[in-house]
>>> print(open('work_1.txt').read())   # compact mmCIF, C-alpha atoms
# COMPACT_ATOMS: atom_id res chain seq x y z
CA MET F 1 -74.34 -0.85 -23.77
CA THR F 2 -72.48 2.42 -24.35
CA ARG F 3 -69.31 0.84 -23.02
CA GLY F 4 -69.86 -2.09 -25.39
CA LEU F 5 -70.22 0.22 -28.35
CA ALA F 6 -67.10 2.14 -27.35
CA SER F 7 -65.13 -1.11 -27.06
CA ALA F 8 -66.36 -2.21 -30.46
CA ALA F 9 -65.40 1.14 -31.94
CA VAL F 10 -61.90 0.94 -30.42
CA ALA F 11 -61.49 -2.63 -31.69
CA LEU F 12 -62.65 -1.60 -35.17
CA PHE F 13 -60.31 1.41 -35.17
CA ALA F 14 -57.40 -0.80 -34.07
CA THR F 15 -58.19 -3.27 -36.86
CA VAL F 16 -58.33 -0.51 -39.45
CA VAL F 17 -55.02 0.97 -38.26
CA ALA F 18 -53.35 -2.43 -38.14
CA THR F 19 -54.62 -3.29 -41.60
CA GLY F 20 -53.42 0.06 -42.93
CA LEU F 21 -49.96 -0.39 -41.45
CA ALA F 22 -49.71 -3.92 -42.79
CA ALA F 23 -50.73 -2.72 -46.24
CA GLN F 24 -48.19 0.09 -46.08
CA SER F 25 -45.32 -2.14 -45.00
CA ALA F 26 -46.28 -4.77 -47.57
CA ALA F 27 -46.19 -2.12 -50.30
CA THR F 28 -42.91 -0.59 -49.17
CA PRO F 29 -40.00 -2.39 -50.79
CA ASP F 30 -36.90 -3.10 -48.75
CA LEU F 31 -33.97 -1.47 -50.52
CA SER F 32 -31.52 -2.23 -47.70
CA GLY F 33 -28.14 -3.60 -48.65
CA ALA F 34 -25.30 -3.08 -51.11
CA TRP F 35 -25.83 -2.22 -54.75
CA ALA F 36 -23.31 -2.04 -57.59
CA PRO F 37 -23.68 0.16 -60.67
CA TYR F 38 -25.09 -1.96 -63.48
CA ARG F 39 -23.93 -0.69 -66.83
CA GLY F 40 -24.58 -1.79 -70.34
CA GLY F 41 -21.95 -3.70 -72.23
CA ARG F 42 -20.79 -7.23 -72.67
CA GLY F 43 -22.87 -9.73 -70.72
CA ALA F 44 -25.32 -7.15 -69.35
CA ASP F 45 -29.02 -7.97 -69.54
CA PRO F 46 -30.73 -5.18 -71.52
CA LYS F 47 -33.94 -5.79 -69.54
CA PHE F 48 -32.32 -4.21 -66.49
CA ALA F 49 -30.15 -1.60 -68.21
CA ALA F 50 -30.96 2.07 -67.70
CA PRO F 51 -32.99 3.82 -70.41
CA PRO F 52 -31.21 6.59 -72.34
CA ALA F 53 -30.86 10.05 -70.84
CA THR F 54 -32.51 13.16 -72.17
CA GLU F 55 -30.40 15.86 -73.77
CA ILE F 56 -28.60 18.47 -71.69
CA LEU F 57 -29.75 21.86 -72.96
CA LEU F 58 -27.90 24.68 -71.23
CA LYS F 59 -28.70 28.36 -71.48
CA GLY F 60 -26.49 30.88 -73.33
CA ASP F 61 -23.21 31.50 -71.53
CA TYR F 62 -23.44 28.26 -69.54
CA LYS F 63 -23.56 26.34 -72.80
CA LYS F 64 -20.60 28.27 -74.20
CA SER F 65 -18.37 27.58 -71.20
CA TRP F 66 -19.46 23.92 -70.93
CA ASP F 67 -18.82 23.33 -74.65
CA ALA F 68 -15.42 25.02 -74.33
CA ARG F 69 -14.52 22.86 -71.34
CA ARG F 70 -15.50 19.66 -73.16
CA ALA F 71 -13.50 20.65 -76.23
CA ALA F 72 -10.47 21.43 -74.04
CA GLU F 73 -10.90 18.09 -72.25
CA ALA F 74 -10.95 16.18 -75.53
CA GLU F 75 -7.86 18.02 -76.75
CA ALA F 76 -6.00 17.45 -73.46
CA ASN F 77 -6.89 13.76 -73.44
CA LYS F 78 -5.60 13.42 -76.98
CA LYS F 79 -2.25 14.77 -75.77
CA GLY F 80 -2.26 12.43 -72.76
CA GLU F 81 -2.44 15.36 -70.36
CA PRO F 82 -5.98 15.16 -68.92
CA LEU F 83 -7.44 18.27 -67.29
CA ALA F 84 -7.97 18.23 -63.57
CA THR F 85 -11.32 17.59 -61.92
CA PRO F 86 -12.03 18.03 -58.20
CA ALA F 87 -11.68 14.25 -57.74
CA VAL F 88 -7.99 14.45 -58.68
CA ASP F 89 -7.51 16.38 -55.43
CA CYS F 90 -9.51 13.70 -53.60
CA ILE F 91 -12.48 16.02 -53.20
CA PRO F 92 -15.68 13.94 -52.96
CA TYR F 93 -18.19 13.96 -55.80
CA GLY F 94 -21.28 15.22 -53.95
CA MET F 95 -24.77 15.08 -55.45
CA PRO F 96 -25.68 13.90 -57.98
CA ARG F 97 -22.42 12.42 -59.33
CA MET F 98 -21.74 10.37 -56.20
CA MET F 99 -24.64 8.10 -57.16
CA SER F 100 -22.54 6.42 -59.85
CA VAL F 101 -18.77 6.32 -59.60
CA ALA F 102 -17.02 3.71 -61.75
CA LEU F 103 -17.82 0.26 -60.31
CA TYR F 104 -18.04 1.32 -56.67
CA PRO F 105 -21.03 -0.04 -54.75
CA MET F 106 -23.33 1.93 -52.48
CA GLU F 107 -25.15 0.79 -49.36
CA ILE F 108 -28.75 1.71 -48.53
CA ILE F 109 -29.75 1.69 -44.87
CA GLN F 110 -33.54 1.93 -44.66
CA ARG F 111 -35.50 3.00 -41.62
CA PRO F 112 -39.06 4.38 -41.68
CA ALA F 113 -37.92 7.85 -40.62
CA GLN F 114 -34.62 8.05 -42.50
CA ILE F 115 -32.93 6.42 -45.45
CA THR F 116 -29.16 6.66 -45.46
CA ILE F 117 -27.06 6.09 -48.56
CA VAL F 118 -23.35 5.42 -48.15
CA THR F 119 -21.19 5.22 -51.25
CA GLU F 120 -17.91 3.38 -51.31
CA ALA F 121 -15.86 5.84 -53.37
CA PHE F 122 -14.74 8.52 -50.89
CA SER F 123 -17.15 7.09 -48.26
CA GLU F 124 -19.81 9.70 -49.03
CA VAL F 125 -23.02 9.78 -46.94
CA ARG F 126 -26.49 11.08 -47.78
CA ARG F 127 -29.35 11.27 -45.32
CA VAL F 128 -32.90 11.30 -46.63
CA TYR F 129 -35.50 12.46 -44.08
CA MET F 130 -38.78 10.69 -44.73
CA ASN F 131 -42.19 12.33 -44.81
CA GLN F 132 -40.98 15.80 -43.96
CA PRO F 133 -41.57 19.00 -45.90
CA GLN F 134 -38.63 20.28 -47.94
CA LEU F 135 -36.92 23.44 -46.73
CA PRO F 136 -36.87 26.57 -48.90
CA ILE F 137 -33.59 26.52 -50.87
CA ASP F 138 -32.31 29.71 -49.23
CA GLU F 139 -32.57 28.07 -45.81
CA VAL F 140 -30.24 25.18 -46.73
CA PRO F 141 -26.52 25.81 -46.25
CA PRO F 142 -24.99 24.89 -49.64
CA GLY F 143 -23.07 21.61 -49.39
CA TYR F 144 -22.08 18.40 -51.13
CA TYR F 145 -25.27 16.54 -50.26
CA GLY F 146 -27.75 19.35 -49.61
CA HIS F 147 -31.02 18.64 -47.83
CA SER F 148 -33.00 15.59 -48.93
CA VAL F 149 -36.55 14.60 -48.06
CA GLY F 150 -38.25 11.42 -49.21
CA ARG F 151 -41.62 9.77 -49.47
CA TRP F 152 -43.01 6.55 -50.85
CA GLU F 153 -45.33 6.76 -53.84
CA GLY F 154 -46.49 3.17 -54.01
CA ASP F 155 -43.40 1.11 -54.75
CA THR F 156 -41.29 4.15 -55.66
CA LEU F 157 -39.07 6.10 -53.29
CA VAL F 158 -39.20 9.75 -54.30
CA ILE F 159 -36.36 11.94 -53.01
CA ASP F 160 -36.20 15.70 -53.34
CA THR F 161 -32.79 17.34 -52.87
CA VAL F 162 -31.82 21.02 -52.80
CA GLY F 163 -28.87 23.01 -51.48
CA ILE F 164 -25.95 21.73 -53.57
CA LYS F 165 -22.92 24.02 -53.80
CA THR F 166 -22.49 25.59 -57.20
CA ALA F 167 -18.78 24.69 -57.17
CA ILE F 168 -19.68 21.00 -57.43
CA PRO F 169 -20.12 19.86 -61.04
CA ALA F 170 -23.43 18.12 -61.69
CA TYR F 171 -24.30 15.34 -64.12
CA GLN F 172 -21.75 15.08 -66.96
CA MET F 173 -19.83 17.91 -65.28
CA MET F 174 -22.57 20.38 -66.20
CA PRO F 175 -22.73 23.63 -64.25
CA HIS F 176 -25.67 24.46 -62.02
CA SER F 177 -27.02 27.32 -59.96
CA GLU F 178 -28.21 27.54 -56.35
CA GLN F 179 -31.69 26.89 -57.73
CA MET F 180 -30.88 23.31 -58.79
CA ARG F 181 -33.42 20.76 -57.60
CA ILE F 182 -32.78 17.03 -57.91
CA THR F 183 -35.73 14.64 -57.93
CA GLU F 184 -35.01 10.93 -57.74
CA ARG F 185 -37.52 8.16 -58.34
CA ILE F 186 -36.00 4.94 -57.03
CA ARG F 187 -37.66 1.58 -57.52
CA LEU F 188 -36.94 -2.09 -57.91
CA VAL F 189 -37.40 -3.10 -61.55
CA ALA F 190 -36.78 -6.74 -60.51
CA PRO F 191 -36.03 -8.20 -57.07
CA ASP F 192 -32.28 -7.65 -57.47
CA TYR F 193 -32.20 -4.68 -59.84
CA LEU F 194 -32.77 -1.08 -58.88
CA HIS F 195 -33.26 2.03 -61.01
CA ASP F 196 -32.72 5.59 -59.84
CA GLN F 197 -34.35 8.00 -62.29
CA ILE F 198 -32.79 11.39 -61.65
CA THR F 199 -34.28 14.64 -62.88
CA ILE F 200 -32.31 17.87 -62.57
CA GLU F 201 -34.23 21.12 -62.75
CA ASP F 202 -32.45 24.43 -62.79
CA PRO F 203 -34.34 27.43 -64.17
CA VAL F 204 -31.15 29.54 -64.22
CA VAL F 205 -28.87 27.15 -66.12
CA LEU F 206 -31.07 24.67 -67.99
CA GLU F 207 -33.43 25.32 -70.89
CA LYS F 208 -35.40 22.27 -69.73
CA PRO F 209 -34.98 19.59 -67.06
CA VAL F 210 -32.52 16.75 -67.67
CA THR F 211 -33.53 13.20 -66.82
CA TYR F 212 -31.21 10.21 -66.69
CA THR F 213 -31.40 6.83 -65.01
CA LEU F 214 -28.81 4.86 -63.08
CA ALA F 215 -29.15 1.08 -62.81
CA TYR F 216 -27.82 -1.04 -59.96
CA ARG F 217 -27.56 -4.70 -59.15
CA ARG F 218 -27.88 -6.12 -55.64
CA MET F 219 -24.68 -7.46 -54.08
CA PRO F 220 -25.86 -9.99 -51.50
CA ASN F 221 -23.69 -10.23 -48.38
CA TYR F 222 -21.24 -7.62 -49.73
CA LYS F 223 -19.22 -5.86 -47.06
CA MET F 224 -18.52 -2.26 -47.97
CA VAL F 225 -14.82 -1.48 -48.31
CA GLU F 226 -13.33 1.56 -46.60
CA PHE F 227 -11.98 4.36 -48.80
CA VAL F 228 -9.66 6.94 -47.30
CA CYS F 229 -7.78 9.02 -49.84
CA GLU F 230 -4.42 8.63 -48.12
CA ASN F 231 -2.04 8.01 -51.03
CA ASN F 232 -2.99 10.40 -53.78
CA ARG F 233 -0.11 10.53 -56.23
CA GLU F 234 -1.91 12.53 -58.88
CA TYR F 235 -1.24 16.22 -58.94
CA VAL F 236 -2.04 19.13 -61.18
CA ASP F 237 0.92 20.83 -62.87
CA SER F 238 1.24 24.53 -63.67
CA ASN F 239 -0.54 23.96 -67.01
CA GLY F 240 -3.56 22.40 -65.32
CA ALA F 241 -2.68 18.90 -66.55
CA VAL F 242 -2.85 15.82 -64.31
CA ARG F 243 0.49 14.16 -63.58
CA LEU F 244 1.54 11.08 -61.65
CA ARG F 245 4.11 11.34 -58.86
CA LEU F 246 6.55 8.45 -59.22
CA GLY F 247 7.78 6.28 -56.36
CA GLN F 248 11.25 4.99 -55.57
CA MET Z 249 -15.38 -15.65 -58.93
CA SER Z 250 -12.23 -17.35 -60.09
CA ARG Z 251 -9.10 -15.46 -59.09
CA ILE Z 252 -7.40 -16.66 -62.23
CA GLY Z 253 -8.32 -15.78 -65.75
CA VAL Z 254 -9.75 -12.36 -65.12
CA LEU Z 255 -7.83 -10.57 -67.79
CA LEU Z 256 -10.04 -7.79 -68.99
CA GLY Z 257 -10.41 -5.45 -66.03
CA VAL Z 258 -8.75 -2.27 -67.16
CA ALA Z 259 -9.50 -2.83 -70.82
CA GLY Z 260 -13.14 -3.27 -69.85
CA VAL Z 261 -13.20 -0.19 -67.66
CA LEU Z 262 -11.55 1.83 -70.42
CA ALA Z 263 -14.05 0.52 -72.94
CA LEU Z 264 -16.84 1.58 -70.60
CA CYS Z 265 -15.25 5.02 -70.30
CA GLY Z 266 -15.98 5.61 -73.94
CA ALA Z 267 -19.47 4.16 -73.78
CA ALA Z 268 -20.78 5.85 -70.70
CA ARG Z 269 -18.31 8.61 -69.78
CA LEU Z 270 -17.52 6.56 -66.74
CA GLN Z 271 -16.24 8.82 -64.02
CA ALA Z 272 -13.31 7.76 -61.93
CA HIS Z 273 -10.74 9.34 -59.67
CA HIS Z 274 -8.79 10.57 -62.67
CA SER Z 275 -8.76 10.25 -66.41
CA PHE Z 276 -6.73 7.37 -67.83
CA ALA Z 277 -5.66 9.53 -70.77
CA MET Z 278 -2.13 9.94 -69.40
CA PHE Z 279 -1.52 6.24 -70.10
CA ASP Z 280 -0.97 4.80 -73.57
CA THR Z 281 -3.27 1.78 -73.79
CA THR Z 282 -2.13 0.99 -77.33
CA LYS Z 283 1.47 0.13 -76.40
CA PRO Z 284 1.50 -2.41 -73.57
CA VAL Z 285 4.88 -2.96 -71.90
CA THR Z 286 5.86 -6.18 -70.11
CA LEU Z 287 8.19 -5.89 -67.12
CA THR Z 288 9.68 -8.59 -64.90
CA GLY Z 289 11.33 -7.41 -61.73
CA LYS Z 290 11.68 -7.47 -57.98
CA VAL Z 291 9.06 -5.78 -55.81
CA THR Z 292 10.43 -3.03 -53.57
CA GLN Z 293 7.05 -1.86 -52.21
CA PHE Z 294 3.38 -2.79 -52.40
CA GLN Z 295 1.05 -0.04 -51.23
CA TRP Z 296 -2.51 -1.28 -50.60
CA THR Z 297 -4.02 2.21 -50.50
CA ASN Z 298 -6.66 4.54 -51.90
CA PRO Z 299 -7.40 6.21 -54.21
CA HIS Z 300 -4.97 3.78 -55.88
CA ALA Z 301 -2.73 0.91 -54.92
CA TYR Z 302 0.86 0.92 -56.19
CA ILE Z 303 3.58 -1.61 -56.89
CA GLU Z 304 7.16 -0.37 -57.01
CA ILE Z 305 9.55 -2.67 -58.85
CA ASP Z 306 13.21 -2.77 -59.84
CA VAL Z 307 13.58 -4.13 -63.36
CA PRO Z 308 17.04 -5.39 -64.43
CA ASP Z 309 18.05 -3.71 -67.67
CA GLY Z 310 21.80 -4.37 -67.65
CA THR Z 311 22.57 -1.25 -65.63
CA SER Z 312 23.32 -0.87 -61.97
CA PRO Z 313 21.19 -0.11 -60.12
CA PRO Z 314 18.31 -1.65 -62.10
CA LYS Z 315 15.66 0.63 -63.58
CA HIS Z 316 12.86 1.50 -61.18
CA TRP Z 317 9.23 1.47 -62.31
CA THR Z 318 6.01 2.62 -60.62
CA VAL Z 319 2.86 0.64 -61.41
CA GLU Z 320 -0.52 2.19 -60.64
CA LEU Z 321 -3.43 -0.12 -59.83
CA GLY Z 322 -7.12 0.52 -59.20
CA SER Z 323 -8.43 1.26 -55.72
CA THR Z 324 -8.58 -1.43 -53.06
CA SER Z 325 -12.32 -1.91 -53.60
CA ILE Z 326 -11.99 -2.35 -57.36
CA LEU Z 327 -9.06 -4.74 -56.89
CA MET Z 328 -11.00 -6.82 -54.35
CA GLN Z 329 -13.88 -7.04 -56.81
CA GLY Z 330 -11.31 -8.54 -59.19
CA GLY Z 331 -10.17 -11.16 -56.67
CA TRP Z 332 -7.16 -9.41 -55.14
CA LYS Z 333 -6.09 -9.63 -51.52
CA PHE Z 334 -4.11 -7.02 -49.64
CA ASN Z 335 -1.17 -9.39 -49.25
CA ASP Z 336 -0.97 -10.85 -52.76
CA VAL Z 337 2.28 -8.98 -53.41
CA LYS Z 338 5.23 -8.71 -51.02
CA PRO Z 339 8.58 -6.90 -51.20
CA GLY Z 340 11.34 -9.14 -52.55
CA GLN Z 341 9.06 -11.21 -54.77
CA THR Z 342 9.67 -11.47 -58.49
CA ILE Z 343 6.61 -10.57 -60.53
CA THR Z 344 5.72 -9.89 -64.15
CA VAL Z 345 3.39 -7.04 -65.06
CA VAL Z 346 1.87 -5.84 -68.28
CA ILE Z 347 1.29 -2.09 -68.09
CA SER Z 348 -0.01 0.76 -70.20
CA PRO Z 349 2.95 3.14 -69.90
CA LEU Z 350 2.78 6.86 -69.24
CA ARG Z 351 2.67 8.72 -72.52
CA ASN Z 352 5.29 11.20 -71.32
CA GLY Z 353 7.96 8.48 -71.25
CA GLN Z 354 8.50 8.38 -67.49
CA PRO Z 355 9.03 4.87 -66.04
CA ALA Z 356 5.50 4.26 -64.78
CA GLY Z 357 2.24 2.86 -66.04
CA LEU Z 358 -1.22 1.54 -65.32
CA LEU Z 359 -1.49 -2.17 -64.59
CA VAL Z 360 -3.20 -4.34 -67.19
CA ARG Z 361 -2.40 -7.70 -65.62
CA ILE Z 362 0.08 -9.27 -63.26
CA THR Z 363 1.61 -12.70 -62.85
CA LEU Z 364 2.16 -13.11 -59.13
CA ALA Z 365 5.13 -14.89 -57.57
CA ASP Z 366 2.96 -18.02 -57.13
CA GLY Z 367 1.93 -18.01 -60.80
CA ARG Z 368 -1.60 -16.67 -60.40
CA VAL Z 369 -2.70 -14.08 -62.94
CA LEU Z 370 -4.83 -11.11 -61.88
CA SER Z 371 -6.08 -8.05 -63.73
CA ASN Z 372 -6.66 -4.52 -62.53
CA GLY Z 373 -10.26 -5.07 -61.43
CA PRO Z 374 -13.34 -7.09 -62.25
CA GLY Z 375 -14.50 -8.03 -65.73
CA PRO Z 376 -16.68 -5.51 -67.51
CA ALA Z 377 -19.87 -7.54 -67.89
CA GLY Z 378 -22.61 -5.47 -66.29
CA GLY Z 379 -20.26 -3.90 -63.78
CA GLY Z 380 -19.73 -4.81 -60.16
CA ARG Z 381 -18.84 -8.18 -58.73
CA GLN Z 382 -19.30 -11.00 -61.19
>>> encode(input="work_1.txt", output="structure tokens")
Amino acid sequence: MTRGLASAAVALFATVVATGLAAQSAATPDLSGAWAPYRGGRGADPKFAAPPATEILLKGDYKKSWDARRAAEAEANKKGEPLATPAVDCIPYGMPRMMSVALYPMEIIQRPAQITIVTEAFSEVRRVYMNQPQLPIDEVPPGYYGHSVGRWEGDTLVIDTVGIKTAIPAYQMMPHSEQMRITERIRLVAPDYLHDQITIEDPVVLEKPVTYTLAYRRMPNYKMVEFVCENNREYVDSNGAVRLRLGQ
Amino acid sequence: MSRIGVLLGVAGVLALCGAARLQAHHSFAMFDTTKPVTLTGKVTQFQWTNPHAYIEIDVPDGTSPPKHWTVELGSTSILMQGGWKFNDVKPGQTITVVISPLRNGQPAGLLVRITLADGRVLSNGPGPAGGGRQ
């Protein structure tokens, strides 16, 4: 009798666990595959376009230097002598700018314990460790991709990233401190359309968090193209302007 | 997508630059998009490379040797999204390109579109509608 009860209890427990797992996997979307940035413009479906971003409000001196840089950029562009950015030297974008570079696709590789994002421009790689606690910021060696942990909240993948080097410009080339925290909420808005809502918090640099959304469209059967920066003919002259090295 | 008739790649990308501060490897501000130049010449090199591909061409201008021009293209990925193949251009072929020339007057520019030796017309990437492969 006792053995019978125990067997029944084990069977019931197994059923509950199995049902729970099935429910979890049914609720977890599969984001695997290649995705291309989906921008507004001619022919784009506004249903899937990204909503507008919030305003970037920088604190005191950060605002002054960012405004000055943007004014200098506009002036230089008018003269046809654009100012250099790290990308001119083939330095990768890092987080968060790597998540949307021109028309370059990204690939998502999804496993329960880790989600890996590979972008085509500069072949950048992010690793998102699932269901782990985030490290304190001062325990993460500053880098291009920092330390990312993720979890599913229903149909939304939530990623928390810290530890981005201050030398790497953030969204819209804005400056940031070591305290920057990037929270992404990634979800399918339709079977083949993905949104990544990105919120940047930085108590040192920002008056209030900035939120913007990137939209992507699925590229079925797309094979990612390699990108090695082997033939960089742009260079920065002594005035800081970008020039093109001519061939023969 | 059709490999012919894609004529709006760079124009589309440049239009998007204004709309969304599209980031790319470098700014296109060094090129003058308002004064397209058409060149017909013989290919001396085709470099299928990143961050940009390049076509080097000799363009007869009545002098000897002919004037040499450098044509910058998008990256290999962006070109493939526009229907290009790595071997669409070969040294010795005669091609016609429309370019946005460098503003500083040097003999180089950014490709707008090309008429290949076999008559096909390609642009410098995919069309702008929605981004990505069409």
>>> atom_distance(input="work_1.txt", atom1="CA of Ala44 in chain F", atom2="CA of Asn372 in chain Z")
20.0 Å
>>> interface_residues(input="work_1.txt", of="chain F", to="chain Z", cutoff="9 Å", atoms="only C-alpha atoms", output="PyMOL selection string")
chain F and resi 35-45+49+76-90+97+100-105+120-122+172+216-217+219+224-234+242-244+246-248
>>> residues_around(input="work_1.txt", residues="range 197-208 of chain F", least_positions_apart="2", cutoff="12 Å", atoms="only C-alpha atoms", output="ChimeraX atom specification")
/F:50-66,95-97,99-100,156-164,166,170-172,174-189,194-195,210-216
>>> atom_distance(input="work_1.txt", atom1="CA of Ser238 in chain F", atom2="CA of Thr282 in chain Z")
27.4 Å
>>> residues_around(input="work_1.txt", residues="range 107-119 of chain F", least_positions_apart="5", cutoff="8 Å", atoms="all atoms listed in the file", output="list in words")
Asp30, Leu31, Ser32, Gly33, Ala34, Trp35, Met98, Met99, Glu124, Val125, Arg126, Arg127, Val128, Tyr129, Met130, Asn131 and Met224 of chain F
>>> closest_residue(input="work_1.txt", among="Z:Asn335, Z:Gln341, Z:Thr281, Z:Ser348", to="Leu321 in chain Z", atoms="only C-alpha atoms")
Z:Ser348
>>> residues_around(input="work_1.txt", residues="Val337 in chain Z", least_positions_apart="6", cutoff="9 Å", atoms="only C-alpha atoms", output="JSON, numbers by chain")
{"Z": [291, 293, 294, 303, 343, 364, 365]}
>>> closest_residue(input="work_1.txt", among="Z:Leu370, Z:Leu287, Z:Ile362, Z:Val346", to="Asp309 in chain Z", atoms="only C-alpha atoms")
Z:Leu287
>>> atom_distance(input="work_1.txt", atom1="CA of Tyr144 in chain F", atom2="CA of Lys165 in chain F")
6.3 Å
>>> closest_residue(input="work_1.txt", among="Z:Lys315, Z:Arg368, Z:Lys290, Z:Lys283", to="Asp336 in chain Z", atoms="only C-alpha atoms")
Z:Arg368
>>> build_atoms(input="work_1.txt", residues="range 199-213 of chain F", atoms="N, CA and C atoms", output="PDB file, keeping the file's coordinate frame")
ATOM      1  N   THR F 199     -33.914  13.473 -62.071  1.00  0.00           N
ATOM      2  CA  THR F 199     -34.280  14.640 -62.880  1.00  0.00           C
ATOM      3  C   THR F 199     -33.670  15.882 -62.237  1.00  0.00           C
ATOM      4  N   ILE F 200     -32.931  16.629 -63.052  1.00  0.00           N
ATOM      5  CA  ILE F 200     -32.310  17.870 -62.570  1.00  0.00           C
ATOM      6  C   ILE F 200     -33.067  19.044 -63.181  1.00  0.00           C
ATOM      7  N   GLU F 201     -33.579  19.883 -62.296  1.00  0.00           N
ATOM      8  CA  GLU F 201     -34.230  21.120 -62.750  1.00  0.00           C
ATOM      9  C   GLU F 201     -33.392  22.300 -62.280  1.00  0.00           C
ATOM     10  N   ASP F 202     -33.191  23.233 -63.164  1.00  0.00           N
ATOM     11  CA  ASP F 202     -32.450  24.430 -62.790  1.00  0.00           C
ATOM     12  C   ASP F 202     -32.868  25.557 -63.725  1.00  0.00           C
ATOM     13  N   PRO F 203     -33.795  26.396 -63.274  1.00  0.00           N
ATOM     14  CA  PRO F 203     -34.340  27.430 -64.170  1.00  0.00           C
ATOM     15  C   PRO F 203     -33.294  28.455 -64.603  1.00  0.00           C
ATOM     16  N   VAL F 204     -32.175  28.554 -63.865  1.00  0.00           N
ATOM     17  CA  VAL F 204     -31.150  29.540 -64.220  1.00  0.00           C
ATOM     18  C   VAL F 204     -30.239  29.000 -65.329  1.00  0.00           C
ATOM     19  N   VAL F 205     -29.907  27.712 -65.260  1.00  0.00           N
ATOM     20  CA  VAL F 205     -28.870  27.150 -66.120  1.00  0.00           C
ATOM     21  C   VAL F 205     -29.442  26.306 -67.264  1.00  0.00           C
ATOM     22  N   LEU F 206     -30.546  25.638 -67.009  1.00  0.00           N
ATOM     23  CA  LEU F 206     -31.070  24.670 -67.990  1.00  0.00           C
ATOM     24  C   LEU F 206     -32.269  25.230 -68.760  1.00  0.00           C
ATOM     25  N   GLU F 207     -32.261  24.960 -70.066  1.00  0.00           N
ATOM     26  CA  GLU F 207     -33.430  25.320 -70.890  1.00  0.00           C
ATOM     27  C   GLU F 207     -34.627  24.455 -70.500  1.00  0.00           C
ATOM     28  N   LYS F 208     -34.338  23.179 -70.194  1.00  0.00           N
ATOM     29  CA  LYS F 208     -35.400  22.270 -69.730  1.00  0.00           C
ATOM     30  C   LYS F 208     -34.770  21.211 -68.840  1.00  0.00           C
ATOM     31  N   PRO F 209     -35.557  20.568 -67.987  1.00  0.00           N
ATOM     32  CA  PRO F 209     -34.980  19.590 -67.060  1.00  0.00           C
ATOM     33  C   PRO F 209     -34.259  18.449 -67.800  1.00  0.00           C
ATOM     34  N   VAL F 210     -33.257  17.905 -67.149  1.00  0.00           N
ATOM     35  CA  VAL F 210     -32.520  16.750 -67.670  1.00  0.00           C
ATOM     36  C   VAL F 210     -32.924  15.533 -66.851  1.00  0.00           C
ATOM     37  N   THR F 211     -33.203  14.429 -67.537  1.00  0.00           N
ATOM     38  CA  THR F 211     -33.530  13.200 -66.820  1.00  0.00           C
ATOM     39  C   THR F 211     -32.627  12.080 -67.304  1.00  0.00           C
ATOM     40  N   TYR F 212     -32.022  11.386 -66.352  1.00  0.00           N
ATOM     41  CA  TYR F 212     -31.210  10.210 -66.690  1.00  0.00           C
ATOM     42  C   TYR F 212     -31.449   9.161 -65.612  1.00  0.00           C
ATOM     43  N   THR F 213     -31.129   7.926 -65.939  1.00  0.00           N
ATOM     44  CA  THR F 213     -31.400   6.830 -65.010  1.00  0.00           C
ATOM     45  C   THR F 213     -30.118   6.055 -64.745  1.00  0.00           C
TER      46      THR F 213
END
